[in-house]
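What follows is the content of structure26.txt (compact mmCIF, C-alpha atoms and all ligand atoms).
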# COMPACT_ATOMS: atom_id res chain seq x y z
CA MET B 1 2.47 -45.54 46.54
CA LEU B 2 0.76 -45.43 43.12
CA ASN B 3 -0.90 -42.19 44.10
CA PHE B 4 2.44 -40.66 45.02
CA LEU B 5 4.01 -41.81 41.74
CA LEU B 6 1.14 -40.37 39.67
CA LYS B 7 1.36 -37.08 41.56
CA TYR B 8 5.13 -36.96 41.00
CA LEU B 9 4.74 -37.66 37.29
CA TYR B 10 1.96 -35.07 36.98
CA ASN B 11 4.12 -32.37 38.62
CA ARG B 12 7.11 -33.32 36.50
CA ILE B 13 5.07 -33.06 33.26
CA LYS B 14 3.66 -29.72 34.42
CA ILE B 15 7.17 -28.31 34.96
CA LEU B 16 8.43 -29.63 31.62
CA TYR B 17 5.39 -28.12 29.89
CA ARG B 18 6.07 -24.74 31.51
CA ILE B 19 9.70 -24.85 30.35
CA TRP B 20 8.57 -25.74 26.83
CA VAL B 21 6.08 -22.82 26.77
CA LEU B 22 8.77 -20.41 28.01
CA ARG B 23 11.22 -21.67 25.41
CA MET B 24 8.64 -21.24 22.64
CA GLN B 25 7.85 -17.72 23.84
CA PHE B 26 11.53 -16.84 23.96
CA ASN B 27 12.07 -18.18 20.42
CA LYS B 28 9.08 -16.24 19.14
CA SER B 29 10.14 -12.96 20.72
CA SER B 30 13.70 -13.45 19.48
CA GLU B 31 12.32 -14.13 15.98
CA ASN B 32 10.16 -10.98 16.13
CA SER B 33 13.13 -8.88 17.31
CA LYS B 34 15.13 -10.15 14.34
CA LEU B 35 12.41 -9.19 11.90
CA ALA B 36 11.87 -5.79 13.53
CA ILE B 37 15.59 -5.04 13.16
CA MET B 38 15.54 -6.16 9.53
CA GLN B 39 12.48 -4.00 8.84
CA THR B 40 14.14 -0.95 10.46
CA LEU B 41 17.18 -1.39 8.22
CA ARG B 42 14.92 -1.77 5.17
CA ILE B 43 13.00 1.42 5.85
CA TYR B 44 15.74 3.68 7.15
CA GLY B 45 18.83 2.19 5.51
CA SER B 46 22.18 1.21 7.02
CA MET B 47 22.92 2.47 10.53
CA SER B 48 24.93 1.90 13.69
CA ARG B 49 23.95 -0.37 16.62
CA MET B 50 23.20 2.71 18.70
CA LYS B 51 20.76 4.12 16.13
CA LEU B 52 19.06 0.71 15.86
CA THR B 53 18.60 0.61 19.64
CA GLU B 54 17.03 4.08 19.51
CA LEU B 55 14.66 3.31 16.62
CA THR B 56 13.48 -0.15 17.68
CA GLY B 57 13.11 0.62 21.37
CA PHE B 58 14.88 -2.68 22.24
CA SER B 59 17.54 -2.90 24.93
CA ARG B 60 21.22 -2.75 23.92
CA ALA B 61 21.65 -6.36 24.98
CA THR B 62 18.75 -7.53 22.74
CA VAL B 63 20.05 -5.54 19.74
CA SER B 64 23.55 -6.91 20.24
CA PHE B 65 22.34 -10.53 20.63
CA VAL B 66 19.97 -10.37 17.64
CA ILE B 67 22.58 -8.70 15.42
CA SER B 68 25.16 -11.39 16.09
CA GLU B 69 22.56 -14.02 15.08
CA LEU B 70 21.66 -12.10 11.93
CA ILE B 71 25.32 -11.71 10.98
CA GLU B 72 25.88 -15.42 11.57
CA SER B 73 22.98 -16.33 9.29
CA GLY B 74 24.26 -14.01 6.54
CA ILE B 75 21.26 -11.62 6.59
CA ILE B 76 23.18 -8.52 7.69
CA LYS B 77 26.84 -7.55 7.56
CA GLU B 78 29.11 -4.99 9.19
CA THR B 79 30.86 -2.29 7.16
CA LYS B 80 33.03 0.61 8.26
CA LYS B 81 32.19 4.18 7.41
CA GLN B 82 34.44 7.21 7.94
CA GLN B 83 32.74 9.79 10.17
CA SER B 84 32.52 13.40 8.99
CA THR B 85 34.06 14.54 12.29
CA GLY B 86 37.19 12.46 11.66
CA GLY B 87 38.38 9.91 14.23
CA ARG B 88 37.88 6.16 14.04
CA PRO B 89 35.54 4.84 11.31
CA ALA B 90 32.08 3.88 12.69
CA VAL B 91 30.75 0.32 12.33
CA ILE B 92 27.60 0.38 10.25
CA LEU B 93 25.14 -2.49 9.83
CA GLU B 94 23.58 -3.18 6.46
CA LEU B 95 21.34 -5.81 4.94
CA VAL B 96 22.64 -8.46 2.59
CA PRO B 97 19.93 -8.01 -0.07
CA PHE B 98 19.48 -11.52 -1.51
CA SER B 99 19.61 -13.45 1.77
CA THR B 100 15.81 -13.66 2.16
CA CYS B 101 12.70 -12.14 0.61
CA VAL B 102 9.14 -11.01 1.29
CA ILE B 103 6.00 -11.65 -0.80
CA GLY B 104 3.26 -9.16 -1.69
CA ALA B 105 0.19 -9.24 -3.96
CA ASN B 106 -2.18 -6.63 -5.32
CA LEU B 107 -5.53 -6.86 -7.16
CA ASP B 108 -6.24 -4.40 -9.97
CA ASN B 109 -8.44 -4.62 -13.07
CA ASN B 110 -9.26 -8.29 -12.54
CA HIS B 111 -5.72 -9.45 -12.20
CA TRP B 112 -3.36 -10.26 -9.37
CA LYS B 113 0.17 -8.94 -9.47
CA ILE B 114 2.36 -11.07 -7.20
CA GLY B 115 5.91 -10.04 -6.37
CA ALA B 116 8.88 -11.35 -4.37
CA PHE B 117 11.16 -8.61 -3.08
CA ASP B 118 14.63 -8.83 -1.59
CA LEU B 119 15.56 -7.02 1.62
CA LEU B 120 16.34 -3.83 -0.27
CA ASP B 121 13.01 -4.10 -2.10
CA ASN B 122 14.42 -5.03 -5.48
CA VAL B 123 12.03 -7.24 -7.44
CA ILE B 124 13.33 -10.82 -7.46
CA ASP B 125 10.42 -12.30 -9.33
CA GLU B 126 6.90 -11.29 -10.30
CA THR B 127 3.87 -12.80 -11.98
CA ASP B 128 0.43 -11.77 -13.27
CA VAL B 129 -2.62 -13.92 -12.66
CA PRO B 130 -5.92 -13.06 -14.38
CA VAL B 131 -9.14 -13.53 -12.43
CA GLN B 132 -12.18 -14.59 -14.47
CA THR B 133 -14.85 -13.88 -11.87
CA GLN B 134 -16.18 -11.18 -9.63
CA SER B 135 -16.84 -13.56 -6.72
CA ALA B 136 -14.76 -12.56 -3.69
CA VAL B 137 -14.25 -16.16 -2.54
CA HIS B 138 -13.05 -17.30 -5.97
CA THR B 139 -10.81 -14.22 -6.39
CA PHE B 140 -8.93 -15.02 -3.17
CA GLU B 141 -8.89 -18.76 -3.90
CA VAL B 142 -7.11 -17.91 -7.16
CA LEU B 143 -4.60 -15.87 -5.17
CA ARG B 144 -4.04 -18.68 -2.65
CA THR B 145 -3.32 -21.27 -5.34
CA SER B 146 -1.09 -18.86 -7.28
CA ILE B 147 0.89 -17.83 -4.18
CA ASN B 148 1.52 -21.46 -3.26
CA SER B 149 2.95 -22.31 -6.69
CA PHE B 150 4.83 -18.96 -6.87
CA ILE B 151 6.60 -19.77 -3.59
CA ARG B 152 7.39 -23.33 -4.72
CA GLU B 153 8.98 -22.07 -7.95
CA LEU B 154 10.78 -19.23 -6.17
CA ASN B 155 12.59 -21.76 -4.00
CA ARG B 156 14.16 -19.20 -1.65
CA PRO B 157 13.88 -18.41 2.05
CA ILE B 158 10.90 -16.10 2.63
CA LEU B 159 9.75 -14.03 5.60
CA PRO B 160 6.67 -15.57 7.23
CA VAL B 161 4.00 -13.05 6.24
CA LEU B 162 2.02 -12.10 3.12
CA GLY B 163 0.86 -8.55 2.31
CA ILE B 164 -2.24 -8.15 0.12
CA GLY B 165 -3.53 -4.97 -1.54
CA THR B 166 -7.25 -5.11 -2.36
CA PRO B 167 -10.05 -2.83 -3.58
CA GLY B 168 -12.44 -1.52 -0.96
CA LEU B 169 -12.51 -0.47 2.66
CA VAL B 170 -10.44 -2.76 4.88
CA GLU B 171 -11.20 -3.10 8.58
CA LYS B 172 -8.47 -2.15 10.99
CA ASN B 173 -7.87 -5.79 11.92
CA ASP B 174 -6.26 -6.15 8.45
CA HIS B 175 -8.22 -9.33 7.69
CA ILE B 176 -11.67 -8.27 6.51
CA ILE B 177 -12.88 -6.25 3.53
CA LYS B 178 -15.74 -4.27 5.00
CA ALA B 179 -17.11 -2.99 1.69
CA ALA B 180 -16.12 -2.79 -1.96
CA PRO B 181 -19.46 -1.71 -3.50
CA PRO B 182 -18.49 -1.74 -7.23
CA LEU B 183 -17.57 -5.44 -6.83
CA GLU B 184 -20.50 -6.09 -4.48
CA TRP B 185 -18.14 -7.40 -1.79
CA PHE B 186 -19.28 -6.89 1.79
CA ASN B 187 -17.71 -8.30 5.00
CA VAL B 188 -15.34 -10.67 3.20
CA ASN B 189 -13.14 -12.51 5.70
CA VAL B 190 -10.02 -12.89 3.55
CA ALA B 191 -7.97 -14.49 6.35
CA ASP B 192 -10.48 -17.38 6.52
CA ILE B 193 -10.33 -17.99 2.76
CA MET B 194 -6.53 -17.78 2.57
CA SER B 195 -5.83 -19.95 5.62
CA ILE B 196 -7.45 -23.11 4.17
CA ASP B 197 -4.36 -24.28 2.32
CA MET B 198 -1.68 -21.74 3.16
CA GLU B 199 0.48 -21.26 6.23
CA LEU B 200 1.51 -17.61 5.77
CA PRO B 201 -0.46 -15.19 7.93
CA ILE B 202 -1.91 -12.33 5.87
CA ILE B 203 -2.09 -8.58 6.29
CA LEU B 204 -4.68 -6.86 4.12
CA MET B 205 -4.81 -3.20 3.08
CA ASN B 206 -6.50 -0.99 0.53
CA ARG B 207 -4.65 -1.15 -2.80
CA HIS B 208 -4.29 2.64 -3.19
CA ARG B 209 -2.77 2.95 0.29
CA ALA B 210 -0.41 0.09 -0.59
CA ARG B 211 0.74 1.92 -3.72
CA GLY B 212 1.12 5.13 -1.70
CA LEU B 213 3.33 3.43 0.88
CA ALA B 214 5.61 2.04 -1.84
CA GLU B 215 5.80 5.49 -3.49
CA CYS B 216 6.78 7.09 -0.15
CA ARG B 217 9.54 4.57 0.54
CA PHE B 218 10.89 3.69 -2.90
CA GLY B 219 9.22 5.86 -5.56
CA ALA B 220 8.23 9.47 -6.21
CA GLY B 221 8.12 10.44 -2.52
CA THR B 222 11.57 9.39 -1.32
CA ASN B 223 12.68 13.00 -0.81
CA SER B 224 9.68 14.03 1.31
CA SER B 225 8.58 13.08 4.78
CA ASN B 226 5.01 14.40 4.82
CA ILE B 227 3.02 12.97 1.91
CA ILE B 228 -0.55 12.49 0.71
CA TYR B 229 -1.05 9.86 -1.99
CA ILE B 230 -4.28 10.04 -4.03
CA GLY B 231 -5.24 7.08 -6.23
CA VAL B 232 -7.77 7.90 -8.98
CA GLY B 233 -9.40 5.07 -10.93
CA SER B 234 -12.83 3.48 -10.54
CA GLY B 235 -12.94 5.36 -7.21
CA VAL B 236 -10.77 7.86 -5.37
CA ARG B 237 -8.82 6.92 -2.26
CA ALA B 238 -6.00 8.53 -0.34
CA GLY B 239 -3.30 7.53 2.11
CA PHE B 240 -1.57 9.86 4.55
CA TYR B 241 2.10 9.24 5.36
CA ILE B 242 4.47 10.81 7.87
CA ASP B 243 8.11 9.79 7.93
CA ARG B 244 7.43 6.97 5.48
CA GLN B 245 4.73 5.42 7.68
CA LEU B 246 1.04 5.08 6.83
CA ILE B 247 -1.03 6.94 9.40
CA THR B 248 -3.57 4.55 10.88
CA ASP B 249 -6.95 5.52 12.23
CA SER B 250 -9.66 4.29 14.55
CA PHE B 251 -11.57 2.10 12.09
CA GLY B 252 -9.73 1.90 8.77
CA GLY B 253 -11.59 4.60 6.85
CA ALA B 254 -8.99 7.42 6.81
CA GLY B 255 -8.53 8.47 3.20
CA GLU B 256 -12.02 7.73 1.82
CA LEU B 257 -11.63 10.85 -0.30
CA GLY B 258 -14.00 9.59 -2.99
CA HIS B 259 -16.93 10.11 -0.63
CA THR B 260 -16.23 13.72 0.29
CA THR B 261 -18.82 16.15 -1.09
CA VAL B 262 -17.71 18.43 -3.93
CA GLU B 263 -21.11 19.30 -5.42
CA PRO B 264 -23.97 19.69 -2.91
CA SER B 265 -26.69 18.80 -5.46
CA GLY B 266 -24.57 16.41 -7.50
CA PRO B 267 -25.38 12.86 -8.58
CA LEU B 268 -26.45 10.27 -6.02
CA CYS B 269 -23.58 8.04 -4.86
CA SER B 270 -23.76 4.38 -3.82
CA CYS B 271 -22.96 5.56 -0.27
CA GLY B 272 -26.28 7.45 -0.15
CA ASN B 273 -24.76 10.95 -0.31
CA GLU B 274 -25.12 13.36 -3.23
CA GLY B 275 -22.21 14.92 -5.11
CA CYS B 276 -19.37 12.69 -3.85
CA LEU B 277 -16.00 13.27 -5.54
CA GLN B 278 -15.92 9.82 -7.12
CA MET B 279 -19.25 10.44 -8.88
CA LEU B 280 -17.55 13.36 -10.66
CA CYS B 281 -13.95 12.22 -10.98
CA SER B 282 -13.40 8.52 -11.80
CA THR B 283 -13.32 6.15 -14.78
CA PRO B 284 -17.13 5.52 -14.68
CA PHE B 285 -17.72 9.31 -14.65
CA ILE B 286 -15.43 9.91 -17.65
CA GLU B 287 -17.09 7.12 -19.65
CA LYS B 288 -20.59 8.29 -18.76
CA GLN B 289 -19.82 11.92 -19.66
CA ILE B 290 -18.31 11.18 -23.05
CA ARG B 291 -21.15 8.82 -24.00
CA LYS B 292 -23.73 11.39 -22.97
CA SER B 293 -22.07 14.15 -25.00
CA VAL B 294 -21.79 11.95 -28.10
CA ARG B 295 -25.42 10.89 -27.72
CA PHE B 296 -26.43 14.54 -27.65
CA GLY B 297 -24.73 15.01 -31.00
CA GLU B 298 -21.36 16.41 -30.01
CA ASP B 299 -18.41 15.49 -32.19
CA ALA B 300 -15.81 13.28 -30.53
CA GLY B 301 -13.35 13.94 -33.39
CA SER B 302 -10.53 11.45 -33.68
CA LEU B 303 -11.67 9.68 -30.52
CA LEU B 304 -14.59 8.00 -32.21
CA PRO B 305 -14.33 6.93 -35.84
CA PRO B 306 -17.73 6.96 -37.63
CA ASP B 307 -20.12 4.13 -36.62
CA THR B 308 -18.24 3.33 -33.41
CA ASP B 309 -20.42 1.95 -30.65
CA THR B 310 -20.23 4.55 -27.86
CA ARG B 311 -20.69 1.80 -25.26
CA THR B 312 -17.22 0.43 -26.01
CA ILE B 313 -15.37 3.66 -25.31
CA LYS B 314 -13.06 3.43 -22.28
CA ALA B 315 -11.90 6.12 -19.87
CA MET B 316 -8.27 5.48 -20.80
CA ASP B 317 -9.07 6.23 -24.49
CA VAL B 318 -10.55 9.54 -23.36
CA CYS B 319 -7.44 10.31 -21.23
CA ARG B 320 -5.13 9.64 -24.19
CA ALA B 321 -7.33 11.59 -26.63
CA ALA B 322 -7.41 14.57 -24.24
CA ASP B 323 -3.62 14.61 -24.06
CA ASN B 324 -3.55 14.55 -27.87
CA GLY B 325 -5.73 17.67 -27.98
CA GLU B 326 -9.14 16.14 -28.79
CA GLU B 327 -11.57 18.83 -27.64
CA LEU B 328 -14.50 16.85 -26.26
CA SER B 329 -12.15 14.59 -24.29
CA MET B 330 -10.28 17.63 -22.97
CA GLU B 331 -13.55 19.05 -21.73
CA VAL B 332 -14.41 15.85 -19.81
CA ILE B 333 -10.92 15.53 -18.31
CA HIS B 334 -11.03 19.19 -17.34
CA THR B 335 -14.33 18.69 -15.46
CA ALA B 336 -13.02 15.65 -13.56
CA SER B 337 -9.66 17.25 -12.68
CA ASN B 338 -11.39 20.44 -11.56
CA TYR B 339 -13.21 18.47 -8.85
CA LEU B 340 -10.00 16.75 -7.78
CA GLY B 341 -8.21 20.14 -7.71
CA ILE B 342 -10.87 21.50 -5.31
CA THR B 343 -10.35 18.47 -3.05
CA MET B 344 -6.56 18.87 -3.19
CA ALA B 345 -6.89 22.53 -2.20
CA ASN B 346 -8.94 21.51 0.85
CA LEU B 347 -6.33 18.89 1.76
CA ALA B 348 -3.51 21.40 1.26
CA ASN B 349 -5.13 23.87 3.64
CA THR B 350 -5.97 21.15 6.18
CA PHE B 351 -2.77 19.09 6.23
CA ASN B 352 -0.14 21.25 4.52
CA PRO B 353 1.80 18.27 3.12
CA GLU B 354 5.20 18.58 1.47
CA THR B 355 4.14 16.44 -1.47
CA ILE B 356 0.94 15.16 -3.07
CA ILE B 357 1.44 12.09 -5.27
CA LEU B 358 -1.23 11.30 -7.85
CA GLY B 359 -1.43 7.64 -8.87
CA GLY B 360 -3.83 5.14 -10.41
CA PRO B 361 -4.90 4.73 -14.04
CA ILE B 362 -6.19 8.27 -14.76
CA PRO B 363 -3.20 10.35 -13.51
CA SER B 364 -0.73 7.87 -14.99
CA THR B 365 -2.40 8.13 -18.43
CA SER B 366 -3.30 11.82 -18.66
CA ARG B 367 -0.75 14.57 -18.11
CA LEU B 368 -3.58 17.07 -18.70
CA PHE B 369 -5.51 15.63 -15.74
CA VAL B 370 -2.50 16.03 -13.40
CA GLU B 371 -1.62 19.53 -14.62
CA THR B 372 -5.22 20.79 -14.36
CA SER B 373 -5.75 19.37 -10.84
CA ASN B 374 -2.48 20.98 -9.77
CA LYS B 375 -3.46 24.34 -11.29
CA ILE B 376 -6.92 24.35 -9.67
CA MET B 377 -5.39 23.45 -6.27
CA ARG B 378 -3.00 26.41 -6.54
CA GLN B 379 -5.84 28.76 -7.49
CA ARG B 380 -7.98 27.73 -4.53
CA ALA B 381 -5.63 26.97 -1.60
CA LEU B 382 -3.89 29.56 0.59
CA PRO B 383 -0.91 30.83 -1.46
CA SER B 384 1.49 30.76 1.50
CA ILE B 385 0.69 27.06 2.08
CA VAL B 386 0.38 25.79 -1.45
CA SER B 387 3.59 27.41 -2.72
CA SER B 388 5.65 24.81 -0.85
CA ILE B 389 3.67 21.75 -2.04
CA ASP B 390 4.99 19.56 -4.85
CA VAL B 391 2.54 17.60 -6.98
CA LEU B 392 4.11 14.47 -8.49
CA THR B 393 2.86 11.42 -10.37
CA ALA B 394 3.51 7.89 -9.08
CA ASP B 395 6.50 6.27 -10.74
CA LEU B 396 6.61 2.63 -9.59
CA GLY B 397 4.09 1.27 -12.09
CA GLU B 398 2.06 -1.88 -11.52
CA ILE B 399 4.41 -3.57 -9.07
CA GLY B 400 3.93 -0.68 -6.58
CA GLY B 401 0.78 -2.20 -5.01
CA ALA B 402 2.40 -5.56 -4.25
CA LEU B 403 5.57 -3.88 -2.94
CA GLY B 404 3.59 -1.55 -0.65
CA ALA B 405 1.44 -4.41 0.66
CA ALA B 406 4.55 -6.50 1.43
CA ASN B 407 6.09 -3.58 3.30
CA PHE B 408 2.93 -2.88 5.26
CA ALA B 409 2.72 -6.54 6.27
CA LEU B 410 6.20 -6.30 7.77
CA ASP B 411 5.29 -3.07 9.59
CA ARG B 412 2.18 -4.64 11.08
CA TYR B 413 3.42 -8.08 11.85
CA PHE B 414 6.77 -7.20 13.33
CA PRO B 415 6.16 -3.99 15.27
CA ILE B 416 8.87 -1.44 15.75
CA SER B 417 8.29 0.94 18.64
CA ASN B 418 8.40 4.15 16.62
CA LEU B 419 5.99 2.72 13.98
CA GLU B 420 3.38 2.12 16.69
CA ASN B 421 3.50 5.75 17.71
CA THR B 422 2.47 6.95 14.28
CA SER B 423 -1.26 7.40 14.68
CA TYR B 424 -3.75 10.12 15.48
ZN ZN J 1 -20.23 8.54 -1.76
Have the structure of the file written as structure tokens, please.
Amino acid sequence: MLNFLLKYLYNRIKILYRIWVLRMQFNKSSENSKLAIMQTLRIYGSMSRMKLTELTGFSRATVSFVISELIESGIIKETKKQQSTGGRPAVILELVPFSTCVIGANLDNNHWKIGAFDLLDNVIDETDVPVQTQSAVHTFEVLRTSINSFIRELNRPILPVLGIGTPGLVEKNDHIIKAAPPLEWFNVNVADIMSIDMELPIILMNRHRARGLAECRFGAGTNSSNIIYIGVGSGVRAGFYIDRQLITDSFGGAGELGHTTVEPSGPLCSCGNEGCLQMLCSTPFIEKQIRKSVRFGEDAGSLLPPDTDTRTIKAMDVCRAADNGEELSMEVIHTASNYLGITMANLANTFNPETIILGGPIPSTSRLFVETSNKIMRQRALPSIVSSIDVLTADLGEIGGALGAANFALDRYFPISNLENTSY
């Protein structure tokens, strides 16, 4: 009798457990469908139910069910739009911007920029957090503590994911920094560090690719669909974007432009190759060149007042001096931009993009750098190809990295069928 009772209870518990698992799975998939629909509306703007079904790849029934839940919770609303062909106005779905928000963070020049963005990617709040160390563990611990207090003070509903833009090469699993040699970071498991005292899952990406994604969707690239973003600072990195999506690759290395060879017998790079682009076009290169020239007795004019210590001169001073017509600085900027122009010509001939966006500290400080790179590209690439390419500078400023990382996190975490197809 006891045996029978135990067996009955065991079977009963097993069935209840199965029902609980199924319910949890259903809730999770319904939650993911909601977020995928929200992300589609964020990227592509307001649209009809039919268009949403087409873009997300969900069934009509799922779209209809999820939309009614989203309308009920005040996240999206219906509006009517007159069709150009006449007839009855179509029902269009659009996001209610302030209903919820997403968080992103980006590391640049030893400080974190953290931003909260509404559903239409307006900045709700932002903060800057300096980092006093080069240690990878401490840098991400600082971020973790800052994010926790940022969310507490924000006191709003947030989407359950955090996007992080970081220096270095990020593995395709979006959790590990494989290598950031200038910082001496190798195989840093950021997810492990962040998960100690924080519940949000993270998605990691290279900071230049994060900025590029934000520029494609909300900045300089909004009128193009085929874009290359090149970030030039302490290194050179690129992101490739088609239809506002970052093209992913087999490992995570697509866009390591700084390590392409532009001078066969050039200086030795930390990667072991000689003549890499970033040895000849980056902030360390500009600083090294100007110091060398001054040491060899060349006159730096207004750039260096008498008795200035050449070791204190910064690349940004050189960029500004070059734009003000200081000759030695112009020479250095011309050399660096010439190498970038050669690389852009190669990219133009290979990919034939509609637009190349130059971002990062050097292009955003020196107009001369951007104009010279553009000119050299046009001299060297096939005229029939290059005539249709626009070269623009990034226009989102510092918040761009955090915004791009937040967007990428939503792309990765809540997949939409047509986003998954964008790869080569
Ligand atoms: Zn290299």
* Collect all residues with atoms no farther than 8 Å from ligand ZN 1 (chain J), counting all atoms listed in the file, and output them as a list in words. =>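 Selection of residues at most 8 Å from ligand ZN 1 (chain J): Gly258, His259, Thr260, Thr261, Leu268, Cys269, Ser270, Cys271, Gly272, Asn273, Glu274, Gly275, Cys276, Leu277, Gln278 and Met279 of chain B.
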* Asked: Hey, can you pull every residue with an atom no more than 12 Å from (6.4, 10.5, 7.2), using all atoms listed in the file, and send it as a PyMOL selection string?
  -> chain B and resi 43-44+212-213+215-217+221-229+239-247+353-355+418-419+421-423
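Going from CA of Arg207 in chain B to CA of Asp128 in chain B covers 15.8 Å.
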* Extract, using all atoms listed in the file, all DNA, RNA and protein residues at most 10 Å from Asp395 in chain B, discarding same-chain residues fewer than 3 positions from it, and format them as a ChimeraX atom specification. => /B:214-215,218-221,357-359,364,392,398,400
* Go through B:Gln289, B:Thr365, B:Asn374, B:Thr53 one by one, measure the shortest atom-to-atom distance of each to Cys319 in chain B using only C-alpha atoms, and give the residue with the smallest value. =>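 Checking each of B:Gln289, B:Thr365, B:Asn374, B:Thr53 against Cys319 in chain B, counting only C-alpha atoms, the winner is B:Thr365.
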* Asked: Which distance in Å separates CA of Gly401 in chain B and CA of His208 in chain B, to one decimal?
  ->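 Spanning CA of Gly401 in chain B to CA of His208 in chain B is a straight-line distance of 7.2 Å.
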* Asked: CA of Arg311 in chain B to CA of Phe285 in chain B: how many Å, to one decimal?
  -> 13.3 Å
* Using only C-alpha atoms, determine which residues lie at most 12 Å from Ser59 in chain B, disregarding the query and same-chain residues fewer than 6 positions distant; provide the list as an NGL selection string. => :B and (33 or 49-53 or 65-66 or 417)
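Distances to Pro182 in chain B were evaluated for B:Leu396, B:Ile313, B:Leu403, B:Ala136 using all atoms listed in the file, and the minimum falls at B:Ala136.
Closest to Phe351 in chain B among B:Ile286, B:Asp411, B:Ile67, B:Ala381 is B:Ala381, based on all atoms listed in the file.
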* Looking at only C-alpha atoms, which of B:Arg144, B:Lys178, B:Arg156, B:Arg42 is the one that sits closest to Leu119 in chain B? ->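 Looking at the shortest contact to Leu119 in chain B, the residue is B:Arg42.
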* **Contacts of range 198-201 of chain B within 7 Å, only C-alpha atoms, excl. fewer than 3 positions in-chain, as a PyMOL selection string** => chain B and resi 144+160-162+194-195
Kindly export the residues of the current selection with C-alpha atoms, as a PDB file, in the frame of the given file.
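File produced: again.pdb:
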ATOM      1  CA  ARG B 144      -4.040 -18.680  -2.650  1.00  0.00           C
ATOM      2  CA  PRO B 160       6.670 -15.570   7.230  1.00  0.00           C
ATOM      3  CA  VAL B 161       4.000 -13.050   6.240  1.00  0.00           C
ATOM      4  CA  LEU B 162       2.020 -12.100   3.120  1.00  0.00           C
ATOM      5  CA  MET B 194      -6.530 -17.780   2.570  1.00  0.00           C
ATOM      6  CA  SER B 195      -5.830 -19.950   5.620  1.00  0.00           C
TER       7      SER B 195
END
